[in-house]
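**Q** Sharing input-v3.txt here; it has compact mmCIF, C-alpha atoms.
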# COMPACT_ATOMS: atom_id res chain seq x y z
CA PRO A 19 -26.03 -11.54 -31.87
CA GLY A 20 -23.01 -12.12 -29.65
CA VAL A 21 -23.08 -14.29 -26.58
CA ARG A 22 -22.94 -12.33 -23.35
CA THR A 23 -20.84 -13.69 -20.54
CA PRO A 24 -22.28 -13.14 -17.07
CA ALA A 25 -20.64 -10.51 -14.92
CA PRO A 26 -18.45 -11.94 -12.15
CA PRO A 27 -20.02 -11.91 -8.68
CA PRO A 28 -19.10 -9.03 -6.37
CA LEU A 29 -15.90 -9.47 -4.37
CA VAL A 30 -15.55 -8.59 -0.69
CA HIS A 31 -12.09 -7.65 0.61
CA LEU A 32 -11.21 -7.50 4.32
CA ASN A 33 -7.69 -6.39 5.28
CA VAL A 34 -5.66 -5.48 8.32
CA GLN A 35 -2.43 -3.52 7.84
CA GLY A 36 0.38 -2.49 10.16
CA ASP A 37 2.66 0.43 9.32
CA SER A 38 6.02 1.29 10.87
CA PHE A 39 7.14 4.91 10.79
CA GLY A 40 10.47 4.15 12.48
CA GLU A 41 11.14 5.92 15.77
CA THR A 42 8.27 8.31 15.03
CA GLY A 43 5.57 5.69 15.62
CA GLY A 44 3.28 3.42 13.68
CA ALA A 45 -0.25 2.70 12.56
CA LEU A 46 -2.77 -0.11 12.43
CA GLY A 47 -5.54 -0.05 9.83
CA LEU A 48 -8.65 -2.01 8.95
CA TYR A 49 -10.01 -1.88 5.41
CA MET A 50 -13.14 -3.24 3.79
CA ALA A 51 -14.11 -3.04 0.13
CA LEU A 52 -16.89 -4.35 -2.05
CA ASP A 53 -16.11 -4.56 -5.77
CA GLY A 54 -18.69 -5.16 -8.46
CA GLN A 55 -17.71 -5.26 -12.13
CA ARG A 56 -17.69 -1.43 -12.31
CA TRP A 57 -19.06 0.03 -9.05
CA GLY A 58 -18.12 -0.55 -5.46
CA MET A 59 -17.29 0.95 -2.09
CA ASP A 60 -14.23 1.21 0.12
CA ALA A 61 -14.07 2.05 3.85
CA ARG A 62 -10.96 2.42 6.00
CA VAL A 63 -10.02 3.24 9.58
CA THR A 64 -6.42 3.82 10.66
CA GLY A 65 -5.21 4.37 14.20
CA ILE A 66 -1.88 6.15 14.44
CA ALA A 67 0.36 6.30 17.53
CA LEU A 68 3.21 8.83 17.39
CA THR A 69 5.98 9.86 19.74
CA SER A 70 4.94 13.16 21.34
CA GLU A 71 6.64 16.24 19.86
CA ASP A 72 6.94 17.93 23.26
CA GLY A 73 9.75 15.60 24.40
CA LEU A 74 7.68 13.86 27.06
CA ASP A 75 7.24 10.10 27.11
CA GLU A 76 3.68 10.52 25.89
CA VAL A 77 2.05 9.15 22.75
CA ASP A 78 -0.03 11.27 20.39
CA ARG A 79 -2.95 9.37 18.88
CA LEU A 80 -4.74 10.16 15.63
CA THR A 81 -7.54 8.32 13.88
CA LEU A 82 -8.19 8.57 10.13
CA LEU A 83 -11.50 7.41 8.66
CA ASP A 84 -12.65 7.40 5.06
CA ALA A 85 -15.54 6.05 3.04
CA HIS A 86 -15.62 6.10 -0.78
CA LEU A 87 -17.80 5.06 -3.64
CA THR A 88 -15.66 3.56 -6.40
CA ILE A 89 -15.83 3.14 -10.14
CA SER A 90 -13.51 0.84 -12.05
CA PRO A 91 -12.76 2.00 -15.62
CA TRP A 92 -10.68 -1.18 -16.01
CA SER A 93 -11.70 -4.41 -14.30
CA SER A 94 -10.76 -7.95 -15.31
CA GLU A 95 -9.57 -11.20 -13.81
CA ARG A 96 -6.01 -9.77 -14.19
CA GLY A 97 -6.57 -6.63 -12.14
CA ARG A 98 -8.51 -3.47 -11.43
CA PHE A 99 -8.05 0.30 -11.67
CA ARG A 100 -10.35 2.27 -9.33
CA LEU A 101 -11.30 5.91 -9.06
CA GLU A 102 -12.76 6.81 -5.67
CA ALA A 103 -14.64 9.74 -4.15
CA GLY A 104 -16.19 10.23 -0.73
CA PHE A 105 -15.46 11.73 2.66
CA ALA A 106 -12.57 11.49 5.10
CA SER A 107 -12.07 12.56 8.68
CA ALA A 108 -9.03 13.07 10.88
CA HIS A 109 -9.53 12.81 14.65
CA ALA A 110 -6.98 14.31 17.05
CA PRO A 111 -7.45 14.90 20.80
CA ASP A 112 -8.64 18.51 20.36
CA VAL A 113 -10.16 18.57 16.87
CA ILE A 114 -12.02 16.58 14.24
CA PHE A 115 -11.73 17.47 10.55
CA VAL A 116 -14.17 16.21 7.92
CA GLY A 117 -13.71 16.89 4.22
CA PRO A 118 -14.01 15.54 0.71
CA SER A 119 -11.68 12.72 -0.26
CA PHE A 120 -10.49 11.46 -3.63
CA ALA A 121 -8.38 8.40 -4.41
CA ALA A 122 -7.11 6.18 -7.20
CA SER A 123 -5.88 2.62 -6.85
CA LEU A 124 -4.47 -0.13 -9.02
CA ALA A 125 -3.98 -3.85 -8.44
CA ALA A 126 -2.61 -5.93 -11.32
CA CYS A 127 -1.35 -9.50 -11.67
CA ILE A 128 2.31 -10.07 -12.42
CA GLY A 129 2.19 -12.66 -15.19
CA PRO A 130 1.13 -16.21 -14.26
CA THR A 131 2.30 -15.83 -10.64
CA PRO A 132 0.35 -15.48 -7.40
CA PHE A 133 1.75 -11.93 -7.06
CA ASP A 134 0.04 -8.59 -7.69
CA VAL A 135 1.52 -5.13 -7.81
CA GLU A 136 -0.64 -2.64 -5.89
CA ALA A 137 -0.65 1.14 -5.52
CA ARG A 138 -3.04 3.72 -4.03
CA ILE A 139 -3.07 7.47 -3.49
CA GLN A 140 -5.66 9.41 -1.51
CA VAL A 141 -5.98 13.21 -1.23
CA VAL A 142 -8.08 15.33 1.13
CA PRO A 143 -7.81 18.99 -0.04
CA PHE A 144 -9.68 20.75 2.82
CA PRO A 145 -10.35 21.66 5.60
CA HIS A 146 -7.16 19.82 6.56
CA ARG A 147 -4.72 18.50 3.97
CA GLN A 148 -3.92 14.83 3.71
CA VAL A 149 -1.98 12.83 1.14
CA ASP A 150 -1.72 9.09 1.71
CA ALA A 151 0.24 7.02 -0.82
CA GLN A 152 1.38 3.42 -0.78
CA ALA A 153 2.80 0.89 -3.21
CA GLY A 154 3.75 -2.74 -2.81
CA LEU A 155 3.20 -6.39 -3.64
CA ALA A 156 0.46 -8.81 -2.68
CA MET A 157 0.74 -12.60 -2.71
CA HIS A 158 -2.48 -14.58 -3.11
CA LEU A 159 -2.88 -17.95 -1.42
CA GLY A 160 -6.46 -18.76 -2.40
CA ALA A 161 -8.76 -16.38 -0.54
CA LEU A 162 -5.89 -15.26 1.74
CA ASN A 163 -3.51 -12.51 0.65
CA LEU A 164 -0.30 -11.25 2.18
CA ARG A 165 0.73 -7.68 1.38
CA ALA A 166 3.93 -5.68 1.88
CA GLY A 167 5.22 -2.36 0.62
CA TRP A 168 5.90 1.27 1.48
CA ARG A 169 3.50 3.95 2.76
CA THR A 170 3.93 7.72 2.95
CA LEU A 171 1.42 9.86 4.84
CA TYR A 172 1.32 13.68 4.90
CA LEU A 173 -0.99 15.55 7.30
CA ASN A 174 -1.47 19.33 7.65
CA ASP A 175 -4.06 21.04 9.88
CA ALA A 176 -3.88 24.25 7.75
CA GLY A 177 -3.64 26.25 10.99
CA HIS A 178 -7.17 25.37 12.10
CA LEU A 179 -6.11 23.89 15.45
CA ASP A 180 -4.44 26.92 17.06
CA GLY A 181 -3.62 29.37 14.27
CA VAL A 182 -0.22 27.74 13.69
CA VAL A 183 0.20 25.31 10.79
CA HIS A 184 1.06 21.83 12.06
CA GLU A 185 2.30 19.47 9.37
CA ASP A 186 3.82 16.01 9.56
CA ALA A 187 5.07 13.48 7.04
CA PHE A 188 5.53 9.82 7.91
CA SER A 189 7.02 7.13 5.76
CA GLY A 190 7.81 3.47 6.24
CA PRO A 191 7.09 -0.16 5.40
CA TYR A 192 3.73 -1.84 5.76
CA LEU A 193 2.63 -5.45 6.18
CA GLY A 194 -0.92 -6.61 5.64
CA LEU A 195 -3.10 -9.68 5.78
CA GLY A 196 -6.42 -9.99 4.03
CA LEU A 197 -9.27 -12.13 2.78
CA SER A 198 -11.05 -11.83 -0.56
CA PHE A 199 -14.23 -13.79 -1.21
Taking this structure as input, can you express it in the form of structure tokens?

**A**
Amino acid sequence: PGVRTPAPPPLVHLNVQGDSFGETGGALGLYMALDGQRWGMDARVTGIALTSEDGLDEVDRLTLLDAHLTISPWSSERGRFRLEAGFASAHAPDVIFVGPSFAASLAACIGPTPFDVEARIQVVPFPHRQVDAQAGLAMHLGALNLRAGWRTLYLNDAGHLDGVVHEDAFSGPYLGLGLSF
């Protein structure tokens, strides 16, 4: 019989991320994940502040929340590919949407360096529509990691707010700081 190697202990990831959407606005997000060898969970909250569309000097605020169970078809000391499913909500001043959410993410080491390439896409098909995609690099300094890349976020209320479809797309760089232990 072969010798079994013990599974690595679960990893906890805590991250904060700031996004710039240029003159349109920006976002600040907090993320927490727990990764076992195959199964895990991921939870995120993002606060978004946008320049008001009505031309006034007001700020529109949105909050996005999601919680997913994850499975990792590929998981090793060199990286991880996750498939995720759960629920997401979008909170605006006059409405709250809650719907199913699906995501896929990849983090993989770049050779024998402290750098990882990372990518994630999340989709909420209804009642609102949301596509959130980002890709970038992470640098590991022990338990600390620094992250930077590009994020694109598409939101569409599908006409549920007032009978008129409101859709927005935001894109810009992100910077993040995290701990993994």

**Q** Draw an axis-aligned box over all listed atoms of region 124-132 of chain A, pad each side with 3 Å, and write its centre and edge lengths in Å, one decimal, as lines of an AutoDock Vina configuration file.

**A**
center_x = -1.1
center_y = -8.2
center_z = -11.3
size_x = 12.8
size_y = 22.1
size_z = 13.8

**Q** Given all atoms listed in the file as the basis, pick out the residue of A:Pro145, A:Gly117, A:Gly190, A:Gly97 nearest to Gly129 (chain A).

**A**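 The closest residue to Gly129 (chain A) is A:Gly97.
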
**Q** Restricting the calculation to only C-alpha atoms, which member of A:Gly104, A:Gly160, A:Gly167, A:Pro118 is positioned closest to Leu193 (chain A)?

**A**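 Nearest to Leu193 (chain A): A:Gly167.
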
**Q** Within 7 Å of Asn174 (chain A), counting all atoms listed in the file, which residues show up once you throw out same-chain ones fewer than 3 positions away? Write them as a list in words, please.

**A**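 Listing them by chain and then by number gives His146, Arg147, Gln148, Val183, His184, Glu185 and Asp186 of chain A.
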
**Q** Pick out the residues sitting within 9 Å of Leu159 (chain A), and hand them over as a CSV table (one decimal) with C-alpha atoms, keeping the file's coordinate frame; count all atoms listed in the file, and ignore anything fewer than 4 positions along from it in its own chain.

**A**
chain,number,residue,atom,x,y,z
A,132,PRO,CA,0.4,-15.5,-7.4
A,163,ASN,CA,-3.5,-12.5,0.6
A,164,LEU,CA,-0.3,-11.2,2.2

**Q** One decimal, in Å: what's the spacing between CA of Gly154 (chain A) and CA of Val135 (chain A)?

**A** 6.0 Å

**Q** Quote the spacing between CA of Gly194 (chain A) and CA of Arg169 (chain A) in Å to one decimal place.

**A** 11.8 Å

**Q** Do you know which residues are at most 12 Å from Phe39 (chain A) counting all atoms listed in the file, after dropping those on the same chain fewer than 5 positions away, and could you put them as a list in words?

**A** Gly44, Ala45, Leu46, Ile66, Ala67, Leu68, Thr69, Trp168, Arg169, Thr170, Leu171, Asp186, Ala187, Phe188, Ser189, Gly190, Pro191 and Tyr192 of chain A

**Q** What's around Gly47 (chain A) at 9 Å? Count all atoms listed in the file, leave out sequence neighbours fewer than 4 positions away in its own chain, and write the answer as a list in words.

**A**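 Counting all atoms listed in the file, the residues come to Asn33, Val34, Gln35, Gly36, Asp37, Arg62, Val63, Thr64, Gly65 and Ile66 of chain A.
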
**Q** For Thr88 (chain A), work out the shell of residues within 7 Å, counting only C-alpha atoms and skipping chain neighbours fewer than 2 positions away, then give it as number ranges by chain.

**A** A: 57-59, 86, 90, 100-103

**Q** With distances taken over all atoms listed in the file, which residue among A:Gln152, A:Ser107, A:Ser70, A:Ser198 lies nearest Gly43 (chain A)?

**A**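 Ranked by minimum distance to Gly43 (chain A), first place goes to A:Ser70.
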
**Q** Point out the residue among A:Val116, A:Leu197, A:Ser93, A:His158 with the least atom-to-atom distance to Leu32 (chain A), counting only C-alpha atoms.

**A**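 Of the candidates, the smallest distance to Leu32 (chain A) is held by A:Leu197.
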
**Q** For Ala121 (chain A), which of A:Asp78, A:Glu136, A:Asp180, A:Asp84 is the closest residue, counting only C-alpha atoms?

**A**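 Closest to Ala121 (chain A) of all the choices is A:Asp84.
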
**Q** Report the distance between CA of Asp134 (chain A) and CA of Arg56 (chain A) in Å, rounded to one decimal place.

**A** 19.7 Å

**Q** Restricting the calculation to all atoms listed in the file, which member of A:Leu83, A:Ala151, A:Ala51, A:Ala122 is positioned closest to Leu29 (chain A)?

**A**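 Closest candidate: A:Ala51.
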
**Q** Using all atoms listed in the file, find all polymer residues with an atom at most 12 Å away from the point (-9.0, 10.1, 20.8); report them as a PyMOL selection string.

**A** chain A and resi 65-67+77-82+108-114

**Q** Using only C-alpha atoms, give me every residue within 6 Å of (-3.2, -6.1, -12.7) in file coordinates, as an MDAnalysis selection string.

**A** chainID A and resid 96:97 125:127
